[in-house]
Each structure stands twice: as C-alpha cells, then as structure tokens.
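**Q** Mind having a look at this structure? Questions to follow.
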Amino acid sequence: MTEEPEVSFVVVAWRSRDEVLRCLESIERHAAVCFEAIVVDDGSGDGTPAAVRERFPEARLVAKERNEGLSRGRNSALPLLRGRKVFMLDADTELKPGAVEALVRVLDSRPEVGLVGPRLVNPDGSVQLSPRRDPPLLAPFMRRGPYARLVPDPPSHARHMMKDFDHTSTRPVVWVMGAAQMWRSDLPGLLGSYDVRVSSYGGEDMDWCLRVWGSGLQVVYVAEAEVVHAWQQMTRRKQFGRKSFRALRDFYYLAWKHRRLRRDPRLAEARA
C-alpha cells in the first residue's frame, strides 16, 4: 500500500497454513483501517509461504528455512513495520467486526497506555480467560501432577486467571495473552526486542506486558474488542514432556527477571 498503514498486522506461523489463511481473511473482512499484513513462516515446511503468496499477494512474507521459535519470529517482523500501531496475532485467531477500531481508539486517546488486548473468545463463543493477574510462584506445580488432581482449581490460581472478573469491562491488567496484543510501533524503541531466552511455548506474552509496565506505561484489557482464538495448550498435552520442562524454566526465569514489579504500587489497580 502506498498510504501509511494505521495498523501493521503480524502473524507468526508454524505448521498452521489453514489457520493463517483464515486469520488473513478475517483481517481483510473486518479491519476498517488502512493496514499491512506481515506473515512470518517459522520453518513450517507445510506450504504456508506458497499459500500466502497465492491468496494474499499484498501480504509481506518472511519465510524462514528452520524453526527458531516465537520470540525470534516476532523479532523478524520488527524491522519491517510501517504502521503506526502493531497488532501481534497468533495464527489461530480471527478478528470480529470493530475489534481493531476499538483497540486503536484506546491507544489514541490514552497516552499512558502502552499495550491493549481484546476480549478473546473460543470458537463456540464462550469467553477465554485472557487477562491475568500475577501468577502464584508455585503455579507450575499447581496446574499439573498430583496436586492438580487433588485440588483442580486452587483459589490462588483462580485469582491469577481472573475468574472473579466478568470480562465485560475495560480495565488495567497485569498482562494479556499474546494471541492478540496491540501496541504503538515505537514501543520496541522503548523496550527492545522480544526476549529470545523465552520459549515458544509460553511466557513471551507475560514478559512483553511486564516490560510495558516496567517502562512506565499500562497494559489494558479492552472488553469491546473481540477476537476468536482457537487455543491449543501445547504443554498440557504431555504434562512432563520437554515442552513442559522448558515452560517451567521460563516461568522461573521471568519470575526472577520481573521480581521488582511484584511490589510495584503502579500495578495496584491491575491487581485489584
């Protein structure tokens, strides 16, 4: 596009050709702003680059020869951004009408906000628990193994997942799931790039949001914006596999990295 895009959509894909095409179709159908689409294929080997070129020739494509992980995939898109806003999307998301515009309005009207996340819903329309408070420090052991069988939903985990929140009002939160996060394009100049020490299987979304808080800006959940997310919890399929142990390592790495924010009074409203 010759006109400067309002929003750069970035989709990092790994072995999700059909999902990427549906995501791009939803962007074309429901994004009522000038936009560009950037697809990073993370060494899928499933024909994703060819399918994107054929169906969406205007999309900008980064085709990697090998899989390097989600953080590196997102970093690959950062030098290409031309939009005033960036909407990072997982391949298994689909926009609903008005979602993009609602998120843009919050960023345009509230300079203190650095990142916004929409209301995520499952394909059946039920609400997905996308906004979060701080996780309890024993969360990895509470969610799987013997303790999880004895106490399926401990109160501290329910609070972290914000099960007491009706998800119908806009408010600051500690973090939002990385399936759909929008921010101004100057944010990487403030934060740097995505932390490549974080696994592809969880943590990079919390890390990015906590870095936003650490920079002096806020993270806000925007209930009026809605995005469908066909979420697959990869680490729960095999509870003690390699991916789960990598996620465990990432969890405690991030807990140490952001330990000072645990007592930061600026997050009081987000933790309420």
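Following the order of the structure tokens, first chain is A, next is B, and so on, with residues numbered from 1 inside each chain and ligands from 1 in the order they appear.
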Set the distance at 8 Å and use only C-alpha atoms: which residues neighbour segment 21-26 of chain A once local chain neighbours fewer than 2 positions away are removed? I'd like the list as a list in words.

**A**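 Answer for this query is Arg17, Asp18, Glu19, Glu28, Arg29, His30, Ala31, Ala37, Ala51, Val52, Arg55, Phe56, Ala91, Asp92, Thr93, Glu94, Leu95 and Lys96 of chain A.
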
**Q** So which residues touch segment 211-214 of chain A within 9 Å, counting only C-alpha atoms, skipping near sequence neighbours fewer than 2 positions away, as a PyMOL selection string?

**A** chain A and resi 113-115+174+187+190-191+206-209+216-219+258+261+266-267

**Q** Report, in Å to a single decimal, how far apart atom CA of Asp166 of chain A and atom CA of Val127 of chain A are.

**A**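 It comes out at 9.4 Å.
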
**Q** Quick check for you: according to DSSP on this backbone, which residues of segment 38-237 of chain A are classed as alpha helix (DSSP H)? Reply as a PyMOL selection string.

**A** chain A and resi 48-55+70-77+99-109+139-142+146-150+155-160+187-191+204-214+234-237

**Q** Give me the residues within 6 Å of Ala225 of chain A as an MDAnalysis selection string, counting only C-alpha atoms and dropping any in the same chain fewer than 4 places off.

**A** chainID A and resid 99 102 118:119

**Q** Write the selection just made, keeping C-alpha atoms, as a PDB file, in the first residue's frame?

**A**
ATOM      1  CA  ALA A  99     -12.182  -5.138  17.254  1.00  0.00           C
ATOM      2  CA  ALA A 102     -11.831  -0.329  19.479  1.00  0.00           C
ATOM      3  CA  PRO A 118      -9.042  -7.694  23.284  1.00  0.00           C
ATOM      4  CA  ARG A 119     -11.658  -9.956  24.784  1.00  0.00           C
TER       5      ARG A 119
END

**Q** Skip segment 183-185 of chain A itself and residues of its chain fewer than 5 positions away, then list as an MDAnalysis selection string all residues within 8 Å of it, counting only C-alpha atoms.

**A** chainID A and resid 81 83:87 107 114:116

**Q** Write out, as a compact mmCIF listing (two decimals), in the first residue's frame, the residues just selected, with C-alpha atoms.

**A**
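For reference, result_6.txt as written:
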# COMPACT_ATOMS: atom_id res chain seq x y z
CA LEU A 81 6.84 -2.45 10.43
CA GLY A 83 2.12 1.02 10.64
CA ARG A 84 1.53 3.46 13.47
CA LYS A 85 0.15 0.56 15.53
CA VAL A 86 1.17 -3.09 15.60
CA PHE A 87 -1.29 -5.93 16.14
CA LEU A 107 -4.23 3.75 22.24
CA GLY A 114 1.29 1.12 26.15
CA LEU A 115 -0.44 -2.13 25.19
CA VAL A 116 -4.03 -3.28 24.75

**Q** With distances taken over only C-alpha atoms, which of A:Lys64, A:Arg271, A:Arg159, A:His229 is nearest to Gly125 of chain A?

**A** A:His229

**Q** So which bits of segment 93-182 of chain A end up strand (DSSP E or B) when you DSSP the backbone, as a ChimeraX atom specification?

**A** /A:93-95,113-121,127,131-132,171-172,175-176,180-182

**Q** Next, the residues of the selection above should be written as a tab-separated table (two decimals), in the first residue's frame with C-alpha atoms.

**A**
chain	number	residue	atom	x	y	z
A	93	THR	CA	-7.06	-16.09	15.70
A	94	GLU	CA	-9.85	-14.45	13.69
A	95	LEU	CA	-10.96	-10.85	14.05
A	113	VAL	CA	-1.50	3.01	27.90
A	114	GLY	CA	1.29	1.12	26.15
A	115	LEU	CA	-0.44	-2.13	25.19
A	116	VAL	CA	-4.03	-3.28	24.75
A	117	GLY	CA	-5.55	-6.72	24.47
A	118	PRO	CA	-9.04	-7.69	23.28
A	119	ARG	CA	-11.66	-9.96	24.78
A	120	LEU	CA	-10.73	-13.43	23.49
A	121	VAL	CA	-13.48	-15.95	22.83
A	127	VAL	CA	-15.16	-16.32	26.97
A	131	PRO	CA	-6.44	-11.13	31.09
A	132	ARG	CA	-4.32	-12.18	34.06
A	171	ARG	CA	-9.59	-2.18	32.87
A	172	PRO	CA	-5.83	-2.33	33.54
A	175	TRP	CA	-0.90	-9.00	31.39
A	176	VAL	CA	-2.96	-10.32	28.50
A	180	ALA	CA	-3.71	-10.74	20.33
A	181	GLN	CA	-1.76	-7.72	21.56
A	182	MET	CA	-1.77	-4.23	20.03
